[in-house]
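Asks: My file is structure_21.cif. It has mmCIF, C-alpha atoms:
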```
data_work
loop_
_atom_site.label_atom_id
_atom_site.label_comp_id
_atom_site.auth_asym_id
_atom_site.auth_seq_id
_atom_site.Cartn_x
_atom_site.Cartn_y
_atom_site.Cartn_z
CA MET A 97 0.00 0.00 0.00
CA ALA A 98 1.31 3.46 -0.92
CA LEU A 99 2.53 5.78 1.77
CA SER A 100 -0.12 8.35 2.77
CA LYS A 101 -0.24 11.59 4.72
CA ASP A 102 -2.18 9.76 7.45
CA ASP A 103 0.74 7.34 7.84
CA VAL A 104 3.08 10.28 8.33
CA LEU A 105 0.76 11.98 10.84
CA ALA A 106 0.40 8.74 12.81
CA ALA A 107 4.19 8.42 13.07
CA LEU A 108 4.59 12.06 14.05
CA GLY A 109 1.92 11.58 16.73
CA LYS A 110 4.40 9.44 18.62
CA ILE A 111 6.89 12.33 18.77
CA SER A 112 6.47 14.74 21.67
CA SER A 113 7.31 18.43 21.80
CA PRO A 114 9.54 19.82 24.57
CA ASP A 115 6.29 20.37 26.51
CA GLY A 116 5.22 16.73 26.09
CA VAL A 117 2.49 17.48 23.51
CA PRO A 118 2.23 15.15 20.46
CA LEU A 119 3.77 16.97 17.52
CA PRO A 120 0.60 17.11 15.33
CA ALA A 121 -1.29 18.72 18.25
CA THR A 122 1.21 21.56 18.71
CA GLY A 123 -0.05 23.58 15.73
CA LYS A 124 3.54 23.95 14.55
CA LEU A 125 3.50 21.50 11.64
CA SER A 126 3.30 22.79 8.08
CA GLU A 127 1.32 21.14 5.31
CA ILE A 128 2.80 17.66 4.80
CA ILE A 129 3.72 16.77 1.22
CA VAL A 130 3.97 13.09 0.30
CA ALA A 131 5.03 12.21 -3.26
CA ASP A 132 6.47 8.92 -4.54
CA GLY A 133 7.98 7.97 -1.19
CA LYS A 134 9.38 11.47 -0.60
CA VAL A 135 8.10 13.35 2.48
CA PHE A 136 8.41 17.10 3.08
CA PHE A 137 7.30 19.14 6.07
CA SER A 138 8.47 21.88 8.40
CA ILE A 139 8.12 22.68 12.09
CA THR A 140 7.71 26.39 12.79
CA VAL A 141 8.71 27.57 16.27
CA ASP A 142 9.71 30.78 18.01
CA SER A 143 13.31 31.73 17.26
CA ALA A 144 14.21 31.58 20.98
CA ALA A 145 13.18 27.90 21.14
CA VAL A 146 15.10 26.58 18.14
CA GLN A 147 17.68 24.63 20.17
CA GLN A 148 14.98 22.90 22.21
CA TRP A 149 13.15 21.84 19.05
CA GLU A 150 16.11 20.60 17.04
CA SER A 151 16.02 17.21 18.77
CA VAL A 152 12.27 17.04 18.01
CA ARG A 153 12.99 17.62 14.33
CA GLU A 154 15.65 14.90 14.32
CA ARG A 155 13.35 12.39 16.04
CA ALA A 156 10.51 13.25 13.67
CA GLN A 157 12.75 12.76 10.66
CA GLN A 158 13.97 9.40 11.99
CA ALA A 159 10.40 8.26 12.68
CA ILE A 160 9.29 9.04 9.13
CA ARG A 161 12.40 7.49 7.61
CA ALA A 162 11.52 4.22 9.39
CA LEU A 163 8.12 3.97 7.69
CA PRO A 164 7.74 1.36 4.92
CA GLY A 165 7.90 2.93 1.49
CA VAL A 166 9.76 6.10 2.51
CA GLN A 167 12.67 6.89 0.21
CA SER A 168 13.71 10.25 1.66
CA VAL A 169 12.59 12.86 4.19
CA MET A 170 13.10 16.61 4.17
CA ALA A 171 12.12 18.01 7.59
CA ALA A 172 12.96 21.67 8.18
CA LEU A 173 12.94 23.58 11.44
CA THR A 174 11.86 27.16 10.70
CA ALA A 175 12.04 29.96 13.23
CA GLU A 176 9.89 33.02 13.70
CA ARG A 177 10.28 36.01 15.93
CA ALA A 178 7.56 36.70 18.45
CA GLY A 179 5.97 39.20 16.07
CA GLY A 180 5.55 36.48 13.45
CA ALA A 181 8.16 37.55 10.93
CA ALA A 182 10.73 34.98 9.95
CA PRO A 183 14.27 36.12 10.64
CA ARG A 184 16.06 37.13 7.48
CA PRO A 185 19.74 36.53 6.81
CA GLN A 186 21.75 39.70 7.25
CA ALA A 187 24.22 40.85 4.65
CA PRO A 188 27.77 41.13 5.93
CA PRO A 189 28.82 44.64 6.96
CA VAL A 190 30.51 46.65 4.30
CA GLY A 191 33.70 48.28 5.49
CA ARG A 192 36.72 49.92 3.98
CA ALA A 193 39.28 47.35 2.93
CA ARG A 194 42.78 47.62 4.32
CA PRO A 195 45.64 46.57 1.98
CA GLY A 196 46.33 42.91 2.56
CA GLY A 197 43.77 42.65 5.36
CA PRO A 198 40.06 42.24 6.14
CA PRO A 199 37.53 45.11 6.04
CA SER A 200 37.92 47.65 8.81
CA GLY A 201 35.93 47.18 11.98
CA GLY A 202 37.35 43.82 13.11
CA PRO A 203 38.69 40.53 11.83
CA ALA A 204 36.98 38.91 8.85
CA ALA A 205 34.39 36.29 9.68
CA PRO A 206 35.21 32.77 8.50
CA GLY A 207 33.83 32.10 5.03
CA PRO A 208 31.17 29.50 4.27
CA ALA A 209 32.29 25.90 3.95
CA GLY A 210 32.58 24.51 0.46
CA ILE A 211 30.99 21.35 -0.90
CA PRO A 212 33.40 18.40 -0.86
CA GLY A 213 34.64 17.62 -4.36
CA VAL A 214 33.25 20.81 -5.95
CA GLN A 215 35.94 23.27 -7.00
CA ALA A 216 33.81 26.25 -8.01
CA ILE A 217 30.15 27.24 -7.67
CA ILE A 218 28.63 29.92 -9.88
CA ALA A 219 25.14 31.40 -9.74
CA VAL A 220 23.15 32.21 -12.86
CA ALA A 221 20.71 34.88 -11.77
CA SER A 222 18.30 37.55 -12.98
CA GLY A 223 16.53 40.41 -11.30
CA LYS A 224 13.19 39.35 -12.81
CA GLY A 225 11.59 36.29 -14.35
CA GLY A 226 10.95 35.63 -18.02
CA VAL A 227 14.36 36.65 -19.35
CA GLY A 228 15.57 33.13 -20.23
CA LYS A 229 17.79 32.60 -17.21
CA SER A 230 17.22 28.83 -16.90
CA THR A 231 17.77 28.21 -20.61
CA THR A 232 20.98 30.20 -20.36
CA ALA A 233 22.07 28.25 -17.27
CA VAL A 234 21.62 24.87 -18.99
CA ASN A 235 23.42 25.85 -22.17
CA LEU A 236 26.18 27.61 -20.22
CA ALA A 237 26.73 24.42 -18.21
CA LEU A 238 26.89 22.40 -21.42
CA GLY A 239 29.30 24.92 -22.92
CA LEU A 240 31.59 24.60 -19.90
CA ARG A 241 31.32 20.82 -20.20
CA ASP A 242 32.46 21.05 -23.81
CA LEU A 243 35.51 23.02 -22.67
CA GLY A 244 36.63 19.89 -20.82
CA LEU A 245 35.27 20.75 -17.36
CA LYS A 246 33.31 18.40 -15.13
CA VAL A 247 30.05 20.28 -14.56
CA GLY A 248 26.91 19.79 -12.45
CA ILE A 249 23.64 21.74 -12.30
CA LEU A 250 21.61 22.65 -9.22
CA ASP A 251 18.12 24.03 -9.84
CA ALA A 252 17.70 26.39 -6.89
CA ASP A 253 14.33 27.76 -8.00
CA ILE A 254 12.17 26.04 -5.38
CA TYR A 255 8.90 27.69 -6.43
CA GLY A 256 9.36 27.32 -10.19
CA PRO A 257 11.89 24.56 -11.00
CA SER A 258 12.76 24.38 -14.70
CA MET A 259 15.30 21.55 -15.01
CA PRO A 260 12.73 18.71 -15.31
CA LYS A 261 11.38 20.39 -18.46
CA LEU A 262 14.60 21.77 -19.91
CA LEU A 263 16.38 18.41 -19.60
CA ALA A 264 13.36 16.10 -20.07
CA ILE A 265 13.93 14.41 -16.70
CA ARG A 266 11.02 12.32 -15.46
CA GLU A 267 12.72 9.85 -13.12
CA ARG A 268 13.19 10.31 -9.37
CA PRO A 269 16.59 10.49 -7.62
CA GLN A 270 17.63 7.37 -5.73
CA THR A 271 18.66 7.48 -2.09
CA ILE A 272 22.05 6.42 -0.76
CA GLY A 273 22.10 5.10 2.79
CA GLY A 274 18.64 6.47 3.47
CA ASN A 275 19.73 10.06 3.99
CA ARG A 276 21.51 11.20 0.82
CA LEU A 277 20.32 11.58 -2.76
CA ARG A 278 22.00 10.55 -5.98
CA PRO A 279 21.52 13.27 -8.63
CA ILE A 280 20.11 12.49 -12.06
CA GLU A 281 22.66 12.23 -14.88
CA ARG A 282 21.84 14.05 -18.12
CA PHE A 283 24.22 14.85 -20.99
CA GLY A 284 27.12 13.75 -18.81
CA MET A 285 26.24 16.11 -15.96
CA PRO A 286 24.74 15.44 -12.50
CA VAL A 287 21.54 17.47 -12.04
CA MET A 288 19.42 18.09 -8.95
CA SER A 289 16.10 19.92 -8.63
CA ILE A 290 13.20 19.99 -6.18
CA GLY A 291 11.13 19.36 -9.31
CA PHE A 292 12.46 15.79 -9.38
CA LEU A 293 10.86 15.10 -6.01
CA ILE A 294 7.35 16.48 -6.48
CA GLU A 295 4.61 16.31 -9.10
CA GLU A 296 4.80 18.99 -11.79
CA GLU A 297 1.61 20.76 -10.65
CA THR A 298 2.24 20.54 -6.90
CA PRO A 299 2.49 24.08 -5.48
CA MET A 300 5.40 24.72 -3.13
CA ILE A 301 3.63 26.68 -0.40
CA TRP A 302 6.70 27.11 1.78
CA ARG A 303 7.93 29.91 4.00
CA GLY A 304 11.32 31.45 3.31
CA PRO A 305 13.19 29.51 6.03
CA MET A 306 11.95 26.19 4.65
CA VAL A 307 13.15 27.19 1.19
CA MET A 308 16.54 27.96 2.72
CA SER A 309 16.61 24.58 4.45
CA ALA A 310 15.69 22.76 1.22
CA LEU A 311 18.46 24.55 -0.67
CA THR A 312 20.98 23.65 2.01
CA GLN A 313 19.97 20.00 1.84
CA MET A 314 20.21 19.89 -1.96
CA LEU A 315 23.69 21.38 -1.70
CA ARG A 316 25.04 19.24 1.13
CA GLU A 317 22.98 16.04 1.15
CA VAL A 318 23.41 15.14 -2.52
CA GLU A 319 26.28 12.99 -3.81
CA TRP A 320 27.67 15.48 -6.32
CA GLY A 321 30.96 13.67 -6.80
CA THR A 322 33.96 15.54 -8.17
CA LEU A 323 33.09 18.69 -10.13
CA ASP A 324 35.13 21.51 -11.58
CA VAL A 325 32.06 23.77 -11.69
CA MET A 326 28.56 23.63 -10.24
CA VAL A 327 26.15 25.90 -12.13
CA VAL A 328 23.28 27.04 -9.91
CA ASP A 329 20.10 28.19 -11.64
CA MET A 330 18.84 30.78 -9.16
CA PRO A 331 15.24 31.91 -8.72
CA PRO A 332 14.57 35.44 -10.01
CA GLY A 333 14.90 38.35 -7.62
CA THR A 334 17.10 39.18 -4.65
CA GLY A 335 15.53 37.32 -1.73
CA ASP A 336 16.13 34.46 0.69
CA ALA A 337 17.45 31.97 -1.87
CA GLN A 338 20.16 34.32 -3.12
CA LEU A 339 21.25 35.23 0.41
CA THR A 340 21.22 31.56 1.42
CA MET A 341 23.52 30.64 -1.47
CA ALA A 342 25.89 33.50 -0.70
CA GLN A 343 26.06 32.57 2.98
CA GLN A 344 26.01 28.76 2.78
CA VAL A 345 28.59 28.18 0.04
CA PRO A 346 31.60 30.12 -1.27
CA LEU A 347 30.25 31.34 -4.60
CA LYS A 348 33.08 31.98 -7.07
CA GLY A 349 30.94 34.29 -9.14
CA ALA A 350 27.56 35.25 -10.57
CA VAL A 351 26.30 35.53 -14.14
CA ILE A 352 23.45 38.00 -14.62
CA VAL A 353 20.95 37.36 -17.43
CA SER A 354 18.86 40.23 -18.78
CA THR A 355 17.01 41.29 -21.89
CA PRO A 356 17.99 44.64 -23.49
CA GLN A 357 14.87 46.51 -22.36
CA ASP A 358 15.07 49.10 -19.59
CA LEU A 359 12.55 47.30 -17.38
CA ALA A 360 14.72 44.17 -17.22
CA LEU A 361 17.93 46.15 -16.82
CA ILE A 362 16.59 47.94 -13.74
CA ASP A 363 16.18 44.56 -12.05
CA ALA A 364 19.54 43.36 -13.36
CA ARG A 365 21.17 46.32 -11.59
CA ARG A 366 19.58 45.21 -8.33
CA GLY A 367 20.95 41.71 -8.82
CA ILE A 368 24.47 43.01 -9.43
CA ALA A 369 24.24 45.28 -6.39
CA MET A 370 23.03 42.38 -4.22
CA PHE A 371 25.91 40.09 -5.21
CA ARG A 372 28.41 42.87 -4.67
CA ARG A 373 26.92 43.52 -1.24
CA VAL A 374 27.59 39.92 -0.20
CA ASN A 375 31.08 39.96 -1.76
CA VAL A 376 30.35 37.63 -4.68
CA PRO A 377 32.25 38.56 -7.88
CA VAL A 378 30.02 39.36 -10.86
CA LEU A 379 31.45 37.39 -13.79
CA GLY A 380 29.38 39.40 -16.25
CA ILE A 381 26.06 40.09 -17.97
CA VAL A 382 24.40 38.09 -20.76
CA GLU A 383 21.99 39.91 -23.07
CA ASN A 384 19.34 37.31 -23.90
CA MET A 385 16.66 37.80 -26.61
CA SER A 386 19.08 40.37 -28.02
CA MET A 387 17.55 40.44 -31.48
CA PHE A 388 15.17 38.48 -33.72
CA ILE A 389 16.11 37.33 -37.23
CA CYS A 390 13.10 36.45 -39.37
CA PRO A 391 13.58 32.84 -40.60
CA GLN A 392 11.66 33.62 -43.82
CA CYS A 393 13.07 36.95 -44.98
CA GLY A 394 16.18 37.33 -42.85
CA ALA A 395 15.17 40.76 -41.61
CA ARG A 396 16.38 41.74 -38.15
CA SER A 397 14.02 43.09 -35.49
CA ASP A 398 15.19 44.42 -32.13
CA ILE A 399 12.00 43.49 -30.31
CA PHE A 400 13.30 44.34 -26.83
CA GLY A 401 15.82 46.89 -28.02
CA HIS A 402 19.48 46.03 -28.50
CA GLY A 403 22.74 46.65 -26.70
CA GLY A 404 21.22 47.72 -23.39
CA ALA A 405 23.00 45.02 -21.40
CA ARG A 406 26.34 45.81 -23.01
CA ARG A 407 25.99 49.50 -22.13
CA GLU A 408 24.91 48.58 -18.60
CA ALA A 409 27.93 46.31 -18.19
CA GLU A 410 30.23 49.12 -19.26
CA ARG A 411 28.51 51.57 -16.92
CA LEU A 412 28.76 49.22 -13.94
CA GLY A 413 32.27 48.05 -14.70
CA VAL A 414 31.48 44.36 -15.16
CA PRO A 415 32.29 42.12 -18.14
CA PHE A 416 29.83 41.76 -21.00
CA LEU A 417 29.63 38.03 -21.73
CA GLY A 418 27.69 38.03 -24.99
CA GLU A 419 24.39 38.23 -26.86
CA VAL A 420 21.90 35.44 -27.52
CA PRO A 421 19.13 35.98 -30.10
CA LEU A 422 15.43 35.36 -29.67
CA ASP A 423 15.07 32.30 -31.87
CA ILE A 424 12.49 29.57 -32.35
CA VAL A 425 15.16 26.85 -32.48
CA ILE A 426 16.35 27.69 -28.97
CA ARG A 427 12.75 27.73 -27.74
CA GLU A 428 11.81 24.42 -29.39
CA LYS A 429 14.93 22.66 -28.17
CA SER A 430 14.41 23.95 -24.64
CA ASP A 431 10.76 22.87 -24.56
CA SER A 432 11.66 19.38 -25.77
CA GLY A 433 14.43 18.91 -23.20
CA THR A 434 17.14 18.80 -25.87
CA PRO A 435 19.19 22.01 -25.39
CA VAL A 436 20.97 23.32 -28.47
CA VAL A 437 24.53 23.03 -27.15
CA ALA A 438 24.01 19.30 -26.53
CA THR A 439 21.94 18.37 -29.57
CA VAL A 440 23.01 20.85 -32.28
CA PRO A 441 26.63 21.37 -31.19
CA ASP A 442 27.80 22.72 -34.55
CA GLY A 443 24.88 25.12 -35.00
CA VAL A 444 25.06 28.90 -34.80
CA HIS A 445 23.00 28.94 -31.60
CA ALA A 446 25.42 26.69 -29.75
CA LYS A 447 28.23 29.02 -30.80
CA PHE A 448 26.68 31.91 -28.83
CA TYR A 449 26.60 29.87 -25.64
CA ARG A 450 30.08 28.44 -26.13
CA GLU A 451 31.55 31.91 -26.46
CA ILE A 452 29.80 32.91 -23.23
CA ALA A 453 31.11 29.75 -21.56
CA MET A 454 34.69 30.59 -22.57
CA ARG A 455 34.38 34.05 -21.05
CA VAL A 456 32.91 32.61 -17.86
CA ARG A 457 35.74 30.08 -17.63
CA ASP A 458 38.29 32.87 -18.08
CA GLY A 459 36.50 34.95 -15.45
CA LEU A 460 36.63 32.07 -12.99
CA ALA A 461 40.33 31.67 -13.60
CA ALA A 462 40.85 35.38 -12.92
CA THR A 463 38.90 35.31 -9.63
CA SER A 464 40.85 32.21 -8.52
CA ARG A 465 44.23 33.88 -8.81
CA ALA A 466 45.70 34.92 -5.50
CA ALA A 467 45.68 38.64 -4.84
CA PRO A 468 49.14 40.22 -4.68
CA LYS A 469 50.52 40.85 -1.20
CA ILE A 470 51.47 44.39 -0.27
CA VAL A 471 54.60 44.57 1.87
CA VAL A 472 55.41 47.81 3.68
CA GLU A 473 59.06 48.14 4.57
CA ALA A 474 60.13 50.35 7.44
#
```
Do you think you could lay out the structure here as structure tokens?

Replies:
Amino acid sequence: MALSKDDVLAALGKISSPDGVPLPATGKLSEIIVADGKVFFSITVDSAAVQQWESVRERAQQAIRALPGVQSVMAALTAERAGGAAPRPQAPPVGRARPGGPPSGGPAAPGPAGIPGVQAIIAVASGKGGVGKSTTAVNLALGLRDLGLKVGILDADIYGPSMPKLLAIRERPQTIGGNRLRPIERFGMPVMSIGFLIEEETPMIWRGPMVMSALTQMLREVEWGTLDVMVVDMPPGTGDAQLTMAQQVPLKGAVIVSTPQDLALIDARRGIAMFRRVNVPVLGIVENMSMFICPQCGARSDIFGHGGARREAERLGVPFLGEVPLDIVIREKSDSGTPVVATVPDGVHAKFYREIAMRVRDGLAATSRAAPKIVVEA
């Protein structure tokens, strides 16, 4: 018999809160999602009681994992202040840098721990949705793969995951040892997305802290293996997911995707400012949907304008990585889960992405070089 929500509630009823109340009766459980042996839920408590409740979360997760038919469990402990607002991650203070030393105002805080086996993590981001960020992320990853790098993809868009569609992935990840996931392999790359664990039309009605917990688990509880580069397809905007990535892992850089129009560029500026605020190097801007070439007559139309991202890159002092046209071939290949760089490698469309990938690779190499030491002699 298939695992049901009632089975999960019955198991959680045997777990007591710090006050001795059965967990389902505390009013602190979120909606429980059960899909193909995968179980998701959160426990929301006051921020001052987090330490008391951590053992409850662990016991709840163990109880669910012991149920027949359970493949994996994602149980998050989310904290709220007394007023009801979830605590938000704070950006690190911005101080004046001293030559050869940390920002003024005290010693530098230790950086976030990396992911074992992963040499570099880059975020592909946009200030707004609908600019082709996910399509760019997939083809950029494939372009880096074709440069001889070992590449993986993490779909960090919890509310709107795109990798199941863009890579035609229908299977579910397998568990390793009951508490880790094996990513799906596609085109020679390991891929992980929350979309692999839920039905396509299941809404992710999660608070920000649960999104942050899910991202952390997909980063650290997945067997990524040895990678030169992990490409992270970020959700649009400048919210919890972006701050979580910047604070949980040492991002080597960010790629900003925008269309040429002013409305998209305004949001792209916010994205660049956000990454700079959290000390993540901006590897550059991609101008997507840069122009349209009529397949019948060959006439060019600048539907969203042209060159806006290049001018913005020059104004902000960041690299311009390249232009990608608005083209039906890219759209059709993306919709069918057969991205152009993988399936039409010698085509003109793949060339755009490969050129961008080369510039990203060179940018990563530049950020990895050690800064020169300044020695002051008396």

Asks: As an exercise, work out the distance from atom CA of Ile426 of chain A to atom CA of Pro279 of chain A in Å and give it to one decimal place.

Replies: 25.5 Å

Asks: Quick one, how far is atom CA of Ser258 of chain A from atom CA of Thr231 of chain A?

Replies: 8.6 Å

Asks: Using only the atoms of segment 152-161 of chain A listed in the file, plus 8 Å on each side, state the axis-aligned box centre and edge lengths in Å rounded to one decimal, as lines of an AutoDock Vina configuration file.

Replies:
```
center_x = 12.5
center_y = 12.6
center_z = 12.8
size_x = 22.4
size_y = 26.1
size_z = 26.4
```

Asks: In Å to one decimal, how far is atom CA of Ile389 of chain A from atom CA of Gly403 of chain A?

Replies: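 According to the coordinates, atom CA of Gly403 of chain A and atom CA of Ile389 of chain A are separated by 15.5 Å.
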
Asks: Would you kindly translate the PyMOL selection byres ((chain A and resi 212) around 8) into the concrete residues it picks from this file, as a list in words?

Replies: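 When the PyMOL selection byres ((chain A and resi 212) around 8) is applied, the selected residues are Gly210, Ile211, Gly213, Val214, Gly321 and Thr322 of chain A.
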
Asks: When you count only C-alpha atoms, which of these residues is closest to Leu245 of chain A: A:Ile290, A:Val166, A:Val325, A:Val437?

Replies: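 Once distances to Leu245 of chain A are computed over only C-alpha atoms, the minimum belongs to A:Val325.
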
Asks: As a PDB file with C-alpha atoms, in the coordinates of the input, please: the residues near segment 345-354 of chain A (cut-off 8 Å, all atoms listed in the file, same-chain neighbours under 4 positions excluded).

Replies:
```pdb
ATOM      1  CA  GLY A 207      33.830  32.100   5.030  1.00  0.00           C
ATOM      2  CA  PRO A 208      31.170  29.500   4.270  1.00  0.00           C
ATOM      3  CA  ALA A 209      32.290  25.900   3.950  1.00  0.00           C
ATOM      4  CA  GLY A 210      32.580  24.510   0.460  1.00  0.00           C
ATOM      5  CA  ILE A 211      30.990  21.350  -0.900  1.00  0.00           C
ATOM      6  CA  ALA A 216      33.810  26.250  -8.010  1.00  0.00           C
ATOM      7  CA  ILE A 217      30.150  27.240  -7.670  1.00  0.00           C
ATOM      8  CA  ILE A 218      28.630  29.920  -9.880  1.00  0.00           C
ATOM      9  CA  ALA A 219      25.140  31.400  -9.740  1.00  0.00           C
ATOM     10  CA  VAL A 220      23.150  32.210 -12.860  1.00  0.00           C
ATOM     11  CA  ALA A 221      20.710  34.880 -11.770  1.00  0.00           C
ATOM     12  CA  SER A 222      18.300  37.550 -12.980  1.00  0.00           C
ATOM     13  CA  GLY A 223      16.530  40.410 -11.300  1.00  0.00           C
ATOM     14  CA  VAL A 227      14.360  36.650 -19.350  1.00  0.00           C
ATOM     15  CA  GLY A 228      15.570  33.130 -20.230  1.00  0.00           C
ATOM     16  CA  LYS A 229      17.790  32.600 -17.210  1.00  0.00           C
ATOM     17  CA  THR A 232      20.980  30.200 -20.360  1.00  0.00           C
ATOM     18  CA  MET A 341      23.520  30.640  -1.470  1.00  0.00           C
ATOM     19  CA  ALA A 360      14.720  44.170 -17.220  1.00  0.00           C
ATOM     20  CA  LEU A 361      17.930  46.150 -16.820  1.00  0.00           C
ATOM     21  CA  ALA A 364      19.540  43.360 -13.360  1.00  0.00           C
ATOM     22  CA  GLY A 367      20.950  41.710  -8.820  1.00  0.00           C
ATOM     23  CA  ILE A 368      24.470  43.010  -9.430  1.00  0.00           C
ATOM     24  CA  PHE A 371      25.910  40.090  -5.210  1.00  0.00           C
ATOM     25  CA  VAL A 376      30.350  37.630  -4.680  1.00  0.00           C
ATOM     26  CA  PRO A 377      32.250  38.560  -7.880  1.00  0.00           C
ATOM     27  CA  VAL A 378      30.020  39.360 -10.860  1.00  0.00           C
ATOM     28  CA  LEU A 379      31.450  37.390 -13.790  1.00  0.00           C
ATOM     29  CA  GLY A 380      29.380  39.400 -16.250  1.00  0.00           C
ATOM     30  CA  ILE A 381      26.060  40.090 -17.970  1.00  0.00           C
ATOM     31  CA  VAL A 382      24.400  38.090 -20.760  1.00  0.00           C
ATOM     32  CA  GLU A 383      21.990  39.910 -23.070  1.00  0.00           C
ATOM     33  CA  ASN A 384      19.340  37.310 -23.900  1.00  0.00           C
ATOM     34  CA  ALA A 405      23.000  45.020 -21.400  1.00  0.00           C
ATOM     35  CA  LEU A 460      36.630  32.070 -12.990  1.00  0.00           C
ATOM     36  CA  THR A 463      38.900  35.310  -9.630  1.00  0.00           C
ATOM     37  CA  SER A 464      40.850  32.210  -8.520  1.00  0.00           C
TER      38      SER A 464
END
```

Asks: Would you kindly return, as a PyMOL selection string, each protein, DNA or RNA residue with an atom no farther than 10 Å from any atom of segment 103-119 of chain A, considering all atoms listed in the file and excluding same-chain residues fewer than 3 positions away?

Replies: chain A and resi 98-100+122-125+128-130+135+139+145+148-149+151-153+155-164+166

Asks: Quick one: of A:Val436, A:Ala172, A:Gln215, A:Gly226, who's nearest to Glu150 of chain A, counting only C-alpha atoms?

Replies: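 Smallest separation from Glu150 of chain A among the options: A:Ala172.
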
Asks: Can you list, as a list of chain:residue names, every protein, DNA or RNA residue that comes within 7 Å of Pro257 of chain A when you count only C-alpha atoms, leaving out same-chain residues fewer than 2 positions away?

Replies: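 Surrounding residues, per the criterion: A:Asp251, A:Asp253, A:Ile254, A:Tyr255, A:Met259, A:Ser289, A:Ile290, A:Gly291.
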
Asks: To test your reading of the syntax: which residues would the PyMOL selection byres ((chain A and resi 432) around 12) return for the file shown? Reply as an NGL selection string.

Replies: :A and (231 or 259-265 or 425-431 or 433-436 or 439)

Asks: Might you pull out every residue within 8 Å of Ser138 of chain A, with all atoms listed in the file counted and same-chain residues fewer than 2 positions away left off, and present them as a list in words?

Replies: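 Surrounding residues, per the criterion: Leu125, Ser126, Glu127, Ile128, Phe136, Thr140, Ala171, Ala172, Leu173, Thr174 and Met306 of chain A.
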
Asks: Please write the residues picked by the PyMOL selection byres ((chain A and resi 449) around 10) on this file as a PyMOL selection string.

Replies: chain A and resi 232-240+382+417-420+436-437+444-448+450-455

Asks: With all atoms listed in the file as the atoms that count, which of A:Pro120, A:Gly443, A:Gly459, A:Gly225 lies nearest to Gly333 of chain A?

Replies: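 With all atoms listed in the file as the atom set, the closest residue is A:Gly225.
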
Asks: In terms of the shortest atom-to-atom distance over all atoms listed in the file, which of A:Ala252, A:Val456, A:Val169, A:Leu243 is closest to Pro332 of chain A?

Replies: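 Selected residue with least distance to Pro332 of chain A: A:Ala252.
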